[in-house]
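Read through the structure below, which is laid out as structure tokens, and then see the notes.
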Amino acid sequence: MAWRKSPPELERAFDGALPHGDRVERRKMFGYPAALVNGNMFAGLHQDDVLVRLPEAERKALLASGGRNFEPMPGRVMKNYLLLPEASGGRTLSLWLQKAFDHTSQLPAKVRRAAKPKAGSRPAATKRAKNHGFKP
């Protein structure tokens, strides 16, 4: 299944509605614009939709007002993330993004994983063995 790019006007609206400050990190996730705080994604775009990470009470309120579960692939619901109703823009978009930021900023900072070894490199144990005269 091929995903569509987000419309440029949605990307501009998303970028303009994000909370201000140097704690907001902008990155691409799955090829779409996303916003993170402490290494955790709190909002992003997926095709024609805006997704937000919210606590349970806010998720219930958003579902009651037309929000939908974020399911990037059929049967694969992304826990704690919802899609905003299509008509969400302007002040409404800013409010939901701020709620998502506030919630996610309270979560523990995400710890970066160690870099994977490059393809074709030998494990350190093999290198040590060779250096001591042992054949791997």
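Just so we're on the same page: first chain in the structure tokens is A, next is B, and so on; residues restart at 1 for each chain, and ligands are numbered from 1 in the order they show up.
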Pull the closest atom pair for each residue of region 99-125 of chain A that gets at most 12 Å from region 75-86 of chain A, along with the distance in Å to one decimal, counting only C-alpha atoms, ordering rows by chain and then ascending residue number, as JSON lines.
```
{"residue": "A:Ala100", "atom": "CA", "partner": "A:Tyr81", "partner_atom": "CA", "distance": 9.4}
{"residue": "A:His103", "atom": "CA", "partner": "A:Asn80", "partner_atom": "CA", "distance": 10.9}
{"residue": "A:Thr104", "atom": "CA", "partner": "A:Asn80", "partner_atom": "CA", "distance": 10.5}
```
Please provide the set of residues having any atom within 8 Å of Pro33 (chain A), restricted to only C-alpha atoms, with same-chain residues fewer than 6 positions apart removed, written as a list in words. Glu11, Arg26, Arg27, Gly44 and Leu45 of chain A
Those of chain A in DSSP strand (DSSP E or B), formatted as a VMD selection string: chain A and resid 25 to 29 32 to 37 40 to 46 49 to 53 68 to 69 73 76 81 to 83
How far is it from CA of Ser65 (chain A) to CA of Gly16 (chain A), in Å with one decimal?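 Going from CA of Ser65 (chain A) over to CA of Gly16 (chain A) covers 22.9 Å.
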12 Å contact set for Asp22 (chain A), only C-alpha atoms, chain neighbours under 4 positions out, as an mmCIF file with C-alpha atoms, in the first residue's frame:
```
data_model
loop_
_atom_site.group_PDB
_atom_site.id
_atom_site.type_symbol
_atom_site.label_atom_id
_atom_site.label_comp_id
_atom_site.auth_asym_id
_atom_site.auth_seq_id
_atom_site.Cartn_x
_atom_site.Cartn_y
_atom_site.Cartn_z
ATOM 1 C CA LEU A 18 3.118 23.683 17.001
ATOM 2 C CA ARG A 26 10.935 18.712 14.389
ATOM 3 C CA ALA A 35 7.167 16.909 16.513
ATOM 4 C CA LEU A 36 8.979 15.445 19.515
ATOM 5 C CA VAL A 37 9.728 16.455 23.075
ATOM 6 C CA ASN A 38 12.405 14.643 25.132
#
```
Point out the residue among A:Lys99, A:Lys118, A:Gln106, A:Arg12 with the least atom-to-atom distance to Ala57 (chain A), counting only C-alpha atoms. A:Lys99
Grab the CA of Met73 (chain A) to CA of Gly31 (chain A) distance for me, in Å with one decimal place. 14.9 Å
Tell me which of A:Pro7, A:Gly89, A:Pro19, A:Gly39 sits closest to Ala109 (chain A), counting only C-alpha atoms.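 Under the stated criterion, the closest residue is A:Gly39.
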Counting only C-alpha atoms, the option among A:Val50, A:Gly66, A:Ala13, A:Pro8 closest to Gly90 (chain A):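 Counting only C-alpha atoms, the residue closest to Gly90 (chain A) is A:Ala13.
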CA of Arg53 (chain A) and CA of Phe70 (chain A) are how many Å apart? 9.9 Å
Mind checking which residues fall within 9 Å of Ser6 (chain A), counting only C-alpha atoms, ignoring those fewer than 3 positions away in the same chain, and posting them as JSON, numbers by chain? {"A": [9, 10, 11, 32, 33, 45, 46, 47, 48, 49]}
According to DSSP computed on the backbone, where in region 29-126 of chain A is there alpha helix (DSSP H)? Give the residues as a ChimeraX atom specification. /A:56-64,90-105,124-126
I need the residues from that last selection saved to file as an mmCIF file, in the first residue's frame (with C-alpha atoms), if you can.
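Once written, again.cif looks like this:
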```cif
data_model
loop_
_atom_site.group_PDB
_atom_site.id
_atom_site.type_symbol
_atom_site.label_atom_id
_atom_site.label_comp_id
_atom_site.auth_asym_id
_atom_site.auth_seq_id
_atom_site.Cartn_x
_atom_site.Cartn_y
_atom_site.Cartn_z
ATOM 1 C CA GLU A 56 -6.671 8.556 28.293
ATOM 2 C CA ALA A 57 -9.144 11.258 29.383
ATOM 3 C CA GLU A 58 -8.217 13.487 26.441
ATOM 4 C CA ARG A 59 -8.382 10.516 24.027
ATOM 5 C CA LYS A 60 -11.948 9.830 25.180
ATOM 6 C CA ALA A 61 -12.899 13.478 24.644
ATOM 7 C CA LEU A 62 -11.322 13.516 21.190
ATOM 8 C CA LEU A 63 -13.026 10.266 20.166
ATOM 9 C CA ALA A 64 -16.360 11.725 21.305
ATOM 10 C CA GLY A 90 -6.401 27.089 13.341
ATOM 11 C CA ARG A 91 -7.035 27.503 17.055
ATOM 12 C CA THR A 92 -8.441 23.964 17.461
ATOM 13 C CA LEU A 93 -5.298 22.457 15.939
ATOM 14 C CA SER A 94 -3.077 24.583 18.209
ATOM 15 C CA LEU A 95 -5.032 23.497 21.305
ATOM 16 C CA TRP A 96 -4.747 19.771 20.510
ATOM 17 C CA LEU A 97 -1.039 20.086 19.710
ATOM 18 C CA GLN A 98 -0.474 21.922 23.000
ATOM 19 C CA LYS A 99 -2.356 19.207 24.931
ATOM 20 C CA ALA A 100 -0.257 16.543 23.215
ATOM 21 C CA PHE A 101 2.949 18.454 24.009
ATOM 22 C CA ASP A 102 1.961 18.944 27.666
ATOM 23 C CA HIS A 103 1.173 15.246 28.111
ATOM 24 C CA THR A 104 4.219 13.912 26.290
ATOM 25 C CA SER A 105 6.630 16.329 27.989
ATOM 26 C CA ALA A 124 34.870 -7.238 18.524
ATOM 27 C CA ALA A 125 35.331 -10.792 19.904
ATOM 28 C CA THR A 126 36.563 -12.008 16.509
#
```
